[in-house]
$ cat target-v5.txt   # compact mmCIF, C-alpha atoms
# COMPACT_ATOMS: atom_id res chain seq x y z
CA MET G 1383 32.92 9.08 -32.94
CA ALA G 1384 33.51 6.75 -35.84
CA SER G 1385 33.25 8.14 -39.31
CA PRO G 1386 29.97 7.28 -41.06
CA ILE G 1387 31.81 5.82 -44.04
CA GLU G 1388 34.13 3.64 -42.02
CA GLN G 1389 31.67 0.78 -42.37
CA PHE G 1390 32.41 0.56 -46.10
CA GLN G 1391 36.13 -0.06 -45.69
CA ILE G 1392 37.51 -3.14 -47.35
CA LYS G 1393 39.71 -5.07 -44.97
CA PRO G 1394 41.78 -8.04 -46.06
CA ILE G 1395 41.10 -11.22 -44.13
CA ILE G 1396 43.44 -13.59 -45.96
CA PRO G 1397 45.89 -11.21 -47.65
CA VAL G 1398 47.56 -13.92 -49.74
CA LEU G 1399 44.36 -14.77 -51.60
CA ASN G 1400 43.10 -11.17 -51.64
CA PHE G 1401 40.16 -12.48 -49.62
CA THR G 1402 38.52 -9.44 -48.01
CA ASN G 1403 35.51 -8.87 -45.82
CA SER G 1404 33.61 -8.07 -49.03
CA SER G 1405 34.51 -11.47 -50.46
CA LEU G 1406 33.53 -13.09 -47.19
CA PHE G 1407 30.05 -11.62 -47.32
CA MET G 1408 29.60 -12.43 -50.99
CA VAL G 1409 30.52 -16.04 -50.32
CA GLY G 1410 28.34 -15.91 -47.22
CA ALA G 1411 25.35 -14.64 -49.18
CA ALA G 1412 25.80 -17.30 -51.87
CA ALA G 1413 26.20 -20.02 -49.26
CA LEU G 1414 23.13 -18.78 -47.40
CA ILE G 1415 21.02 -18.84 -50.58
CA VAL G 1416 22.17 -22.25 -51.73
CA GLY G 1417 22.05 -23.78 -48.26
CA GLY G 1418 18.72 -22.22 -47.40
CA LEU G 1419 17.04 -23.26 -50.64
CA LEU G 1420 18.45 -26.78 -50.46
CA LEU G 1421 17.30 -27.11 -46.89
CA ALA G 1422 13.87 -25.66 -47.66
CA THR G 1423 13.21 -27.94 -50.62
CA ARG G 1424 14.78 -31.03 -49.08
CA LYS G 1425 11.53 -32.83 -48.38
CA ARG G 1426 9.81 -32.03 -51.69
CA ALA G 1427 6.47 -32.45 -49.99
CA MET G 1428 3.30 -32.23 -52.06
CA VAL G 1429 1.81 -30.02 -49.37
CA PRO G 1430 4.65 -27.60 -48.65
CA GLY G 1431 5.74 -26.80 -45.14
CA ARG G 1432 6.69 -23.32 -44.01
CA ALA G 1433 10.22 -23.27 -45.41
CA GLN G 1434 9.22 -24.92 -48.64
CA SER G 1435 6.40 -22.49 -49.28
CA VAL G 1436 8.79 -19.57 -48.79
CA ALA G 1437 11.10 -21.08 -51.40
CA GLU G 1438 8.19 -21.74 -53.75
CA GLY G 1439 6.86 -18.25 -53.17
CA LEU G 1440 10.21 -16.71 -54.12
CA HIS G 1441 10.35 -18.88 -57.22
CA ASP G 1442 6.84 -17.96 -58.31
CA PHE G 1443 7.41 -14.31 -57.60
CA VAL G 1444 10.49 -14.08 -59.81
CA ALA G 1445 8.90 -16.28 -62.47
CA ASN G 1446 5.82 -14.03 -62.58
CA THR G 1447 7.95 -10.89 -62.80
CA LEU G 1448 9.92 -12.41 -65.64
CA THR G 1449 6.95 -13.66 -67.66
CA ASP G 1450 5.11 -10.36 -67.15
CA ALA G 1451 7.96 -8.46 -68.77
CA THR G 1452 9.21 -10.89 -71.40
CA GLY G 1453 6.50 -13.46 -72.01
CA ARG G 1454 6.86 -17.23 -71.94
CA GLU G 1455 10.10 -17.39 -73.88
CA GLY G 1456 11.84 -15.29 -71.27
CA MET G 1457 11.80 -18.26 -68.92
CA LYS G 1458 15.09 -19.47 -70.40
CA PHE G 1459 16.70 -16.62 -68.48
CA PHE G 1460 15.05 -17.67 -65.24
CA PRO G 1461 18.23 -19.10 -63.63
CA LEU G 1462 20.08 -15.84 -64.25
CA VAL G 1463 17.29 -13.59 -63.03
CA PHE G 1464 16.52 -15.72 -59.98
CA SER G 1465 20.18 -15.86 -58.99
CA LEU G 1466 20.51 -12.09 -59.38
CA PHE G 1467 17.38 -11.41 -57.36
CA MET G 1468 18.34 -13.78 -54.56
CA PHE G 1469 21.92 -12.51 -54.43
CA VAL G 1470 20.97 -8.84 -54.31
CA LEU G 1471 18.18 -9.45 -51.81
CA THR G 1472 20.33 -11.57 -49.52
CA ALA G 1473 23.30 -9.22 -49.74
CA ASN G 1474 21.06 -6.23 -48.96
CA LEU G 1475 19.39 -7.94 -46.03
CA LEU G 1476 22.67 -9.31 -44.66
CA GLY G 1477 23.97 -5.76 -44.68
CA MET G 1478 21.09 -4.71 -42.44
CA ILE G 1479 22.48 -6.77 -39.54
CA PRO G 1480 24.51 -4.37 -37.39
CA GLY G 1481 28.23 -4.82 -37.83
CA PHE G 1482 27.88 -6.70 -41.08
CA PHE G 1483 29.39 -5.52 -44.31
CA THR G 1484 27.04 -4.46 -47.13
CA VAL G 1485 28.36 -5.90 -50.37
CA THR G 1486 25.97 -3.94 -52.57
CA SER G 1487 27.12 -0.59 -51.17
CA HIS G 1488 30.20 -0.84 -53.39
CA ILE G 1489 29.63 0.33 -56.93
CA ILE G 1490 32.12 -2.14 -58.35
CA VAL G 1491 29.97 -5.02 -57.14
CA THR G 1492 26.70 -3.63 -58.47
CA PHE G 1493 28.40 -2.58 -61.69
CA ALA G 1494 29.69 -6.12 -62.18
CA LEU G 1495 26.14 -7.42 -61.71
CA ALA G 1496 24.79 -4.83 -64.16
CA MET G 1497 27.45 -5.67 -66.74
CA LEU G 1498 26.49 -9.31 -66.40
CA VAL G 1499 22.93 -8.37 -67.33
CA ILE G 1500 23.84 -6.04 -70.19
CA GLY G 1501 26.47 -8.49 -71.45
CA THR G 1502 23.80 -11.18 -71.57
CA VAL G 1503 21.43 -8.82 -73.40
CA VAL G 1504 24.02 -7.82 -76.01
CA ILE G 1505 25.44 -11.30 -76.63
CA TYR G 1506 22.05 -13.01 -76.74
CA GLY G 1507 20.58 -10.20 -78.85
CA PHE G 1508 23.28 -10.50 -81.49
CA LEU G 1509 23.24 -14.30 -81.45
CA LYS G 1510 19.48 -14.49 -81.81
CA HIS G 1511 18.74 -11.57 -84.10
CA GLY G 1512 22.09 -10.76 -85.71
CA THR G 1513 22.29 -7.23 -87.04
CA HIS G 1514 18.53 -6.90 -86.63
CA PHE G 1515 19.31 -6.31 -82.95
CA LEU G 1516 20.72 -2.92 -83.95
CA GLY G 1517 17.17 -1.95 -84.84
CA LEU G 1518 16.84 -1.29 -81.12
CA PHE G 1519 18.63 1.99 -81.73
CA VAL G 1520 16.40 3.11 -84.60
CA PRO G 1521 12.97 4.09 -83.32
CA SER G 1522 10.18 4.02 -85.85
CA GLY G 1523 8.40 7.11 -87.06
CA VAL G 1524 11.27 9.58 -86.80
CA PRO G 1525 11.95 12.12 -89.59
CA VAL G 1526 15.04 11.21 -91.65
CA TRP G 1527 16.94 14.42 -90.95
CA LEU G 1528 16.56 13.79 -87.21
CA LEU G 1529 17.59 10.15 -87.38
CA PRO G 1530 21.40 10.50 -86.88
CA PHE G 1531 20.88 12.47 -83.65
CA ILE G 1532 18.25 10.08 -82.38
CA VAL G 1533 20.42 7.05 -83.09
CA VAL G 1534 23.37 8.56 -81.23
CA ILE G 1535 21.13 9.51 -78.33
CA GLU G 1536 19.59 6.04 -78.27
CA ILE G 1537 23.07 4.48 -78.22
CA ILE G 1538 24.14 6.69 -75.31
CA SER G 1539 20.85 5.86 -73.61
CA PHE G 1540 21.63 2.17 -74.05
CA LEU G 1541 25.16 2.67 -72.72
CA SER G 1542 23.73 4.42 -69.69
CA ARG G 1543 21.68 1.36 -68.72
CA PRO G 1544 24.39 -0.55 -66.84
CA ILE G 1545 25.39 2.71 -65.16
CA SER G 1546 21.86 3.51 -64.01
CA LEU G 1547 21.23 -0.09 -62.99
CA SER G 1548 24.33 -0.21 -60.81
CA LEU G 1549 24.14 3.39 -59.64
CA ARG G 1550 20.61 3.02 -58.30
CA LEU G 1551 21.30 -0.02 -56.14
CA PHE G 1552 24.66 1.32 -54.96
CA ALA G 1553 23.35 4.82 -54.14
CA ASN G 1554 20.35 3.47 -52.23
CA MET G 1555 22.42 1.16 -50.07
CA LEU G 1556 25.18 3.71 -49.51
CA ALA G 1557 22.86 6.58 -48.64
CA GLY G 1558 20.72 4.47 -46.34
CA HIS G 1559 23.64 3.09 -44.39
CA ILE G 1560 25.30 6.48 -44.06
CA ALA G 1561 22.05 8.04 -42.83
CA LEU G 1562 21.63 5.27 -40.26
CA LYS G 1563 25.18 5.71 -39.05
CA VAL G 1564 24.87 9.50 -38.83
CA PHE G 1565 21.70 9.33 -36.76
CA ALA G 1566 23.18 6.66 -34.53
CA GLY G 1567 26.22 8.89 -34.15
CA PHE G 1568 23.99 11.76 -33.02
CA VAL G 1569 22.72 9.63 -30.15
CA VAL G 1570 26.23 9.01 -28.88
CA ALA G 1571 27.27 12.63 -29.38
CA LEU G 1572 24.23 13.97 -27.51
CA LEU G 1573 24.72 11.51 -24.65
CA GLY G 1574 28.33 12.53 -24.42
CA ALA G 1575 27.55 16.25 -24.48
CA GLY G 1576 25.96 16.08 -21.03
CA GLY G 1577 23.58 18.57 -19.44
CA ALA G 1578 20.37 19.51 -21.19
CA LEU G 1579 21.48 17.93 -24.47
CA THR G 1580 21.37 14.46 -22.96
CA ILE G 1581 17.60 14.71 -22.72
CA LEU G 1582 17.43 15.12 -26.49
CA ALA G 1583 19.33 11.89 -27.13
CA PRO G 1584 16.25 9.65 -27.62
CA LEU G 1585 15.06 11.77 -30.57
CA PRO G 1586 17.72 10.66 -33.08
CA LEU G 1587 17.34 7.16 -31.65
CA LEU G 1588 13.68 7.20 -32.68
CA MET G 1589 14.76 8.46 -36.07
CA ALA G 1590 17.29 5.66 -36.37
CA VAL G 1591 14.61 3.09 -35.57
CA ALA G 1592 12.31 4.57 -38.22
CA LEU G 1593 15.15 4.64 -40.73
CA MET G 1594 15.92 1.02 -39.97
CA ALA G 1595 12.38 0.07 -41.00
CA LEU G 1596 12.70 2.19 -44.15
CA GLU G 1597 16.03 0.55 -44.94
CA PHE G 1598 14.48 -2.91 -44.78
CA LEU G 1599 11.87 -1.72 -47.25
CA VAL G 1600 14.53 -0.21 -49.50
CA ALA G 1601 16.65 -3.37 -49.32
CA ALA G 1602 13.78 -5.52 -50.58
CA LEU G 1603 12.50 -2.89 -53.02
CA GLN G 1604 15.86 -2.34 -54.66
CA ALA G 1605 16.34 -6.05 -55.17
CA TYR G 1606 12.94 -6.10 -56.84
CA VAL G 1607 13.67 -3.01 -58.96
CA PHE G 1608 16.95 -4.54 -60.09
CA THR G 1609 15.08 -7.68 -61.11
CA VAL G 1610 12.33 -5.82 -62.95
CA LEU G 1611 14.79 -3.73 -64.92
CA THR G 1612 16.80 -6.84 -65.73
CA CYS G 1613 13.62 -8.37 -67.12
CA ILE G 1614 12.84 -5.26 -69.18
CA TYR G 1615 16.34 -5.22 -70.66
CA LEU G 1616 16.16 -8.94 -71.40
CA ASN G 1617 12.89 -8.23 -73.18
CA ASP G 1618 14.83 -5.95 -75.53
CA ALA G 1619 17.17 -8.81 -76.32
CA LEU G 1620 14.27 -11.17 -76.97
CA HIS G 1621 12.15 -8.78 -79.00
CA PRO G 1622 14.20 -5.89 -80.41
CA GLY G 1623 10.94 -4.66 -81.95
CA HIS G 1624 10.63 -1.56 -84.08
CA MET D 1212 -37.83 1.75 -61.48
CA ALA D 1213 -38.81 -0.87 -58.98
CA ASP D 1214 -36.91 -4.05 -58.45
CA PRO D 1215 -39.85 -6.48 -58.79
CA THR D 1216 -40.50 -5.51 -62.42
CA LYS D 1217 -36.86 -6.14 -63.27
CA GLN D 1218 -36.86 -9.49 -61.61
CA GLY D 1219 -40.03 -10.52 -63.26
CA ASN D 1220 -38.58 -9.56 -66.58
CA GLY D 1221 -35.40 -11.48 -66.06
CA ASN D 1222 -37.04 -14.64 -64.77
CA GLY D 1223 -40.16 -14.93 -66.80
CA ARG D 1224 -39.00 -13.50 -70.13
CA GLU D 1225 -42.53 -12.36 -70.73
CA PRO D 1226 -43.12 -9.02 -72.40
CA THR D 1227 -45.43 -8.00 -69.56
CA SER D 1228 -43.70 -4.77 -68.56
CA SER D 1229 -41.31 -4.35 -71.45
CA ASP D 1230 -42.08 -0.75 -72.19
CA ASP D 1231 -39.30 1.23 -73.85
CA ALA D 1232 -38.38 3.08 -70.70
CA ASP D 1233 -37.66 -0.11 -68.83
CA LEU D 1234 -35.60 -1.52 -71.67
CA SER D 1235 -33.50 1.60 -72.07
CA ALA D 1236 -32.98 1.78 -68.33
CA ARG D 1237 -31.74 -1.78 -68.27
CA LEU D 1238 -29.46 -1.14 -71.23
CA LYS D 1239 -28.08 1.87 -69.45
CA SER D 1240 -27.39 -0.03 -66.29
CA LEU D 1241 -25.75 -2.78 -68.32
CA ASP D 1242 -23.56 -0.21 -70.05
CA ALA D 1243 -22.60 1.23 -66.72
CA ARG D 1244 -21.70 -2.19 -65.41
CA ILE D 1245 -19.63 -3.04 -68.49
CA ASP D 1246 -17.84 0.29 -68.19
CA LYS D 1247 -17.16 -0.36 -64.56
CA ALA D 1248 -15.89 -3.85 -65.23
CA SER D 1249 -13.65 -2.80 -68.10
CA THR D 1250 -12.14 0.12 -66.21
CA HIS D 1251 -11.61 -2.19 -63.30
CA ARG D 1252 -9.76 -4.61 -65.54
CA GLN D 1253 -7.72 -1.81 -67.07
CA ASN D 1254 -6.81 -0.62 -63.63
CA ALA D 1255 -5.96 -4.09 -62.52
CA GLU D 1256 -3.63 -4.82 -65.42
CA PRO D 1257 -0.99 -2.07 -65.42
CA PRO D 1258 0.28 -2.47 -61.83
CA ALA D 1259 1.98 -5.65 -62.99
CA ARG D 1260 4.92 -3.57 -64.13
CA PRO D 1261 5.24 -0.19 -62.52
CA THR D 1262 5.26 -1.53 -58.99
CA SER D 1263 8.85 -0.36 -58.85
CA ASP D 1264 7.65 3.15 -58.01
CA SER D 1265 5.55 2.07 -55.07
CA SER D 1266 7.15 4.66 -52.85
CA ALA D 1267 7.86 8.23 -53.81
CA LEU D 1268 11.38 7.99 -52.43
CA GLY D 1269 12.08 4.97 -54.57
CA GLN D 1270 10.79 6.79 -57.61
CA ALA D 1271 12.92 9.84 -56.87
CA PHE D 1272 16.01 7.67 -56.56
CA ARG D 1273 15.14 5.82 -59.70
CA LEU D 1274 14.54 8.92 -61.82
CA SER D 1275 17.64 10.71 -60.59
CA ALA D 1276 19.74 7.64 -61.32
CA GLU D 1277 18.28 7.51 -64.84
CA PHE D 1278 19.24 11.08 -65.57
CA VAL D 1279 22.68 11.03 -63.96
CA SER D 1280 23.59 7.83 -65.72
CA GLY D 1281 22.69 9.32 -69.10
CA VAL D 1282 25.00 12.27 -68.55
CA ALA D 1283 27.71 10.00 -67.14
CA ALA D 1284 27.49 7.66 -70.13
CA GLY D 1285 27.79 10.63 -72.47
CA GLY D 1286 30.78 11.96 -70.55
CA ILE D 1287 32.59 8.61 -70.55
CA LEU D 1288 31.89 8.14 -74.26
CA GLY D 1289 33.17 11.65 -75.02
CA TRP D 1290 36.31 11.05 -72.99
CA ILE D 1291 36.99 7.81 -74.86
CA VAL D 1292 36.40 9.52 -78.22
CA ASP D 1293 38.85 12.27 -77.25
CA ARG D 1294 41.44 9.70 -76.18
CA LEU D 1295 41.10 7.76 -79.42
CA PHE D 1296 41.01 10.63 -81.89
CA GLY D 1297 42.82 13.37 -79.99
CA SER D 1298 39.92 15.71 -80.58
CA SER D 1299 39.95 17.14 -77.07
CA PRO D 1300 37.81 18.85 -75.89
CA TRP D 1301 35.19 18.66 -78.63
CA GLY D 1302 34.26 15.03 -78.20
CA LEU D 1303 33.63 15.56 -74.51
CA ILE D 1304 31.55 18.68 -75.08
CA ILE D 1305 29.38 17.20 -77.82
CA CYS D 1306 28.94 13.85 -76.11
CA LEU D 1307 28.04 15.52 -72.82
CA ILE D 1308 25.29 17.45 -74.58
CA LEU D 1309 24.07 14.28 -76.27
CA GLY D 1310 24.34 12.51 -72.92
CA PHE D 1311 22.14 15.19 -71.44
CA CYS D 1312 19.57 14.43 -74.16
CA ALA D 1313 19.91 10.71 -73.48
CA GLY D 1314 19.39 11.36 -69.78
CA MET D 1315 16.23 13.29 -70.58
CA LEU D 1316 15.08 10.46 -72.81
CA ASN D 1317 15.74 7.97 -70.00
CA LEU D 1318 13.86 10.20 -67.62
CA MET D 1319 10.82 10.50 -69.85
CA ARG D 1320 10.83 6.79 -70.53
CA ALA D 1321 11.11 5.93 -66.85
CA SER D 1322 8.41 8.34 -65.77
CA GLY D 1323 6.06 7.00 -68.41
CA ALA D 1324 5.76 10.10 -70.57
CA LEU D 1325 6.84 8.09 -73.62
CA LYS D 1326 4.92 5.00 -72.73
CA SER D 1327 2.53 5.12 -75.65
CA ALA D 1328 5.38 5.50 -78.09
CA ARG D 1329 7.44 2.55 -77.01
CA SER D 1330 6.00 0.11 -74.55
CA ASP D 1331 3.03 -0.61 -76.79
CA GLU D 1332 5.40 -2.27 -79.21
CA LYS D 1333 7.21 -3.94 -76.40
CA ARG D 1334 4.27 -5.67 -74.86

$ encode --input "target-v5.txt" --output "structure tokens"
Amino acid sequence: MASPIEQFQIKPIIPVLNFTNSSLFMVGAAALIVGGLLLATRKRAMVPGRAQSVAEGLHDFVANTLTDATGREGMKFFPLVFSLFMFVLTANLLGMIPGFFTVTSHIIVTFALAMLVIGTVVIYGFLKHGTHFLGLFVPSGVPVWLLPFIVVIEIISFLSRPISLSLRLFANMLAGHIALKVFAGFVVALLGAGGALTILAPLPLLMAVALMALEFLVAALQAYVFTVLTCIYLNDALHPGH
Amino acid sequence: MADPTKQGNGNGREPTSSDDADLSARLKSLDARIDKASTHRQNAEPPARPTSDSSALGQAFRLSAEFVSGVAAGGILGWIVDRLFGSSPWGLIICLILGFCAGMLNLMRASGALKSARSDEKR
């Protein structure tokens, strides 16, 4: 029986360029998004067809999420947020196809995405607000003697954002795929055991089917959660408040 | 309170049956309807944001990630401080404790316990 974590192995495809199966699926996801959106919006019909209304729906969905969290002026980040959402969603869903590699189940990938978000927040925050951006770390209405502790805790809390952003997506994808593989492995093991145990084999199969449905939900939900949190962090850069 | 009297009152605007009881009853029903409408609107507004915790499993994952990441950030920061200043192991110890606090803060913020304190200013 194959190990449940074998599916996460990185295998070089073109060793000279360091092009691995992970790179292949990242390029594949990007190509799928760009190609799909170009194809869907090719006609630019006034009354959208099926493909075009899917593309428009995705656009409106992300735009609404962004304006809900940051207001109108957040729309300047729309290209970033939309790209992130589409990439995470497509990578998650591509990983659901059996035999395909899940890019987002590697923490280095999700961490790079999270650092992109936090980097944008920090750079934009300092460019727009200067040192006033540091006010993010000084909550209002705190007694003076408590302030040094609170500021340090707020800074650590801010530093933990990219970690939690990447950890959440990575852990969800990793755990889901391992659970699927383990239950699928049970089916094979029970079938191979022979005798009375063979009769039990359909039970983990049912479980695997149910988990598959849950994983599709998680794949979409985590892409959405990633987007929402990105929007909330961008809101801090736009309005440091306090 | 019969319906016909109400209708007559609303249509005709004549003070035919405008005794105090009727008026107060209508005011009461109006209040009730305003209350209902405003609570409905209040209920309708918040789900714009916290849809992320639509499933309990998702929320559990989210909250645990918040807490773990706080402790991890504290640990990494402490390790870096120790490397820079050679203050091992005190930087790690203190920053881990502070990271624990930060994790708790993250947790409370994510679960909405601190919502009144912060997100009011944010919105």

$ closest_atom_pairs --input "target-v5.txt" --of "chain G" --to "chain D" --cutoff "9 Å" --atoms "only C-alpha atoms" --output "Markdown table"
| residue | atom | partner | partner_atom | distance |
| --- | --- | --- | --- | --- |
| G:Thr1447 | CA | D:Ala1259 | CA | 7.9 |
| G:Asp1450 | CA | D:Ala1259 | CA | 7.0 |
| G:Ala1451 | CA | D:Arg1260 | CA | 7.4 |
| G:Thr1452 | CA | D:Arg1334 | CA | 8.0 |
| G:Gly1453 | CA | D:Arg1334 | CA | 8.6 |
| G:Pro1521 | CA | D:Arg1329 | CA | 8.5 |
| G:Phe1531 | CA | D:Leu1309 | CA | 8.2 |
| G:Val1534 | CA | D:Leu1309 | CA | 7.6 |
| G:Ile1535 | CA | D:Ala1313 | CA | 5.1 |
| G:Glu1536 | CA | D:Ala1313 | CA | 6.7 |
| G:Ile1537 | CA | D:Ala1313 | CA | 8.4 |
| G:Ile1538 | CA | D:Gly1285 | CA | 6.1 |
| G:Ser1539 | CA | D:Ala1313 | CA | 4.9 |
| G:Phe1540 | CA | D:Ala1313 | CA | 8.7 |
| G:Leu1541 | CA | D:Ala1284 | CA | 6.1 |
| G:Ser1542 | CA | D:Ala1284 | CA | 5.0 |
| G:Arg1543 | CA | D:Ser1280 | CA | 7.4 |
| G:Pro1544 | CA | D:Ser1280 | CA | 8.5 |
| G:Ile1545 | CA | D:Ser1280 | CA | 5.5 |
| G:Ser1546 | CA | D:Ser1280 | CA | 5.0 |
| G:Leu1547 | CA | D:Ala1276 | CA | 8.0 |
| G:Leu1549 | CA | D:Ala1276 | CA | 6.3 |
| G:Arg1550 | CA | D:Ala1276 | CA | 5.6 |
| G:Ala1553 | CA | D:Phe1272 | CA | 8.2 |
| G:Asn1554 | CA | D:Phe1272 | CA | 7.4 |
| G:Val1600 | CA | D:Gly1269 | CA | 7.7 |
| G:Leu1603 | CA | D:Ser1263 | CA | 7.3 |
| G:Gln1604 | CA | D:Gly1269 | CA | 8.2 |
| G:Tyr1606 | CA | D:Ser1263 | CA | 7.3 |
| G:Val1607 | CA | D:Ser1263 | CA | 5.5 |
| G:Val1610 | CA | D:Ser1263 | CA | 7.7 |
| G:Asn1617 | CA | D:Lys1333 | CA | 7.8 |
| G:Asp1618 | CA | D:Lys1333 | CA | 7.9 |
| G:His1621 | CA | D:Lys1333 | CA | 7.4 |
| G:Pro1622 | CA | D:Lys1333 | CA | 8.3 |
| G:Gly1623 | CA | D:Glu1332 | CA | 6.6 |
| G:His1624 | CA | D:Glu1332 | CA | 7.2 |

$ residues_around --input "target-v5.txt" --residues "stretch 1466-1473 of chain G" --least-positions-apart "3" --cutoff "6 Å" --atoms "only C-alpha atoms" --output "VMD selection string"
chain G and resid 1411 1463 1476 1605 1609

$ write_last_selection --input "target-v5.txt" --atoms "C-alpha atoms" --output "PDB file, keeping the file's coordinate frame"
ATOM      1  CA  ALA G1411      25.350 -14.640 -49.180  1.00  0.00           C
ATOM      2  CA  VAL G1463      17.290 -13.590 -63.030  1.00  0.00           C
ATOM      3  CA  LEU G1476      22.670  -9.310 -44.660  1.00  0.00           C
ATOM      4  CA  ALA G1605      16.340  -6.050 -55.170  1.00  0.00           C
ATOM      5  CA  THR G1609      15.080  -7.680 -61.110  1.00  0.00           C
TER       6      THR G1609
END

$ residues_near_point --input "target-v5.txt" --point "(35.5, -4.1, -40.8)" --cutoff "8 Å" --atoms "only C-alpha atoms" --output "mmCIF file with C-alpha atoms, in the coordinates of the input"
data_model
loop_
_atom_site.group_PDB
_atom_site.id
_atom_site.type_symbol
_atom_site.label_atom_id
_atom_site.label_comp_id
_atom_site.auth_asym_id
_atom_site.auth_seq_id
_atom_site.Cartn_x
_atom_site.Cartn_y
_atom_site.Cartn_z
ATOM 1 C CA GLU G 1388 34.130 3.640 -42.020
ATOM 2 C CA GLN G 1389 31.670 0.780 -42.370
ATOM 3 C CA PHE G 1390 32.410 0.560 -46.100
ATOM 4 C CA GLN G 1391 36.130 -0.060 -45.690
ATOM 5 C CA ILE G 1392 37.510 -3.140 -47.350
ATOM 6 C CA LYS G 1393 39.710 -5.070 -44.970
ATOM 7 C CA ASN G 1403 35.510 -8.870 -45.820
ATOM 8 C CA GLY G 1481 28.230 -4.820 -37.830
ATOM 9 C CA PHE G 1483 29.390 -5.520 -44.310
#

$ residues_near_point --input "target-v5.txt" --point "(22.3, -0.2, -45.2)" --cutoff "7 Å" --atoms "all atoms listed in the file" --output "ChimeraX atom specification"
/G:1477-1478,1484,1555-1556,1558-1559,1597

$ atom_distance --input "target-v5.txt" --atom1 "atom CA of G:Phe1519" --atom2 "atom CA of D:Ala1321"
17.1 Å

$ atom_distance --input "target-v5.txt" --atom1 "atom CA of G:Phe1565" --atom2 "atom CA of G:Ile1581"
15.6 Å

$ atom_distance --input "target-v5.txt" --atom1 "atom CA of G:Thr1612" --atom2 "atom CA of G:Val1499"
6.5 Å

$ residues_around --input "target-v5.txt" --residues "G:Ala1571" --least-positions-apart "4" --cutoff "9 Å" --atoms "only C-alpha atoms" --output "VMD selection string"
chain G and resid 1383 1566 to 1567 1575 1580 1583

$ decode --input "target-v5.txt" --residues "stretch 1587-1611 of chain G" --atoms "C-alpha atoms" --output "PDB file, in the first residue's frame"
ATOM      1  CA  LEU G1587     -15.340   3.553   0.280  1.00  0.00           C
ATOM      2  CA  LEU G1588     -18.542   5.313   1.341  1.00  0.00           C
ATOM      3  CA  MET G1589     -16.479   7.387   3.729  1.00  0.00           C
ATOM      4  CA  ALA G1590     -14.071   8.292   0.951  1.00  0.00           C
ATOM      5  CA  VAL G1591     -16.967   9.421  -1.239  1.00  0.00           C
ATOM      6  CA  ALA G1592     -18.344  11.581   1.580  1.00  0.00           C
ATOM      7  CA  LEU G1593     -14.891  13.013   2.248  1.00  0.00           C
ATOM      8  CA  MET G1594     -14.510  13.821  -1.425  1.00  0.00           C
ATOM      9  CA  ALA G1595     -17.629  15.991  -1.259  1.00  0.00           C
ATOM     10  CA  LEU G1596     -16.328  17.652   1.908  1.00  0.00           C
ATOM     11  CA  GLU G1597     -12.981  18.263   0.247  1.00  0.00           C
ATOM     12  CA  PHE G1598     -14.629  20.069  -2.653  1.00  0.00           C
ATOM     13  CA  LEU G1599     -16.371  22.288  -0.113  1.00  0.00           C
ATOM     14  CA  VAL G1600     -13.113  22.889   1.749  1.00  0.00           C
ATOM     15  CA  ALA G1601     -11.255  23.647  -1.486  1.00  0.00           C
ATOM     16  CA  ALA G1602     -13.709  26.396  -2.394  1.00  0.00           C
ATOM     17  CA  LEU G1603     -14.131  27.613   1.187  1.00  0.00           C
ATOM     18  CA  GLN G1604     -10.422  27.954   1.826  1.00  0.00           C
ATOM     19  CA  ALA G1605      -9.945  29.957  -1.338  1.00  0.00           C
ATOM     20  CA  TYR G1606     -12.720  32.238  -0.112  1.00  0.00           C
ATOM     21  CA  VAL G1607     -11.288  32.475   3.418  1.00  0.00           C
ATOM     22  CA  PHE G1608      -7.880  33.336   1.994  1.00  0.00           C
ATOM     23  CA  THR G1609      -9.486  36.096  -0.059  1.00  0.00           C
ATOM     24  CA  VAL G1610     -11.521  37.495   2.827  1.00  0.00           C
ATOM     25  CA  LEU G1611      -8.513  37.635   5.124  1.00  0.00           C
TER      26      LEU G1611
END
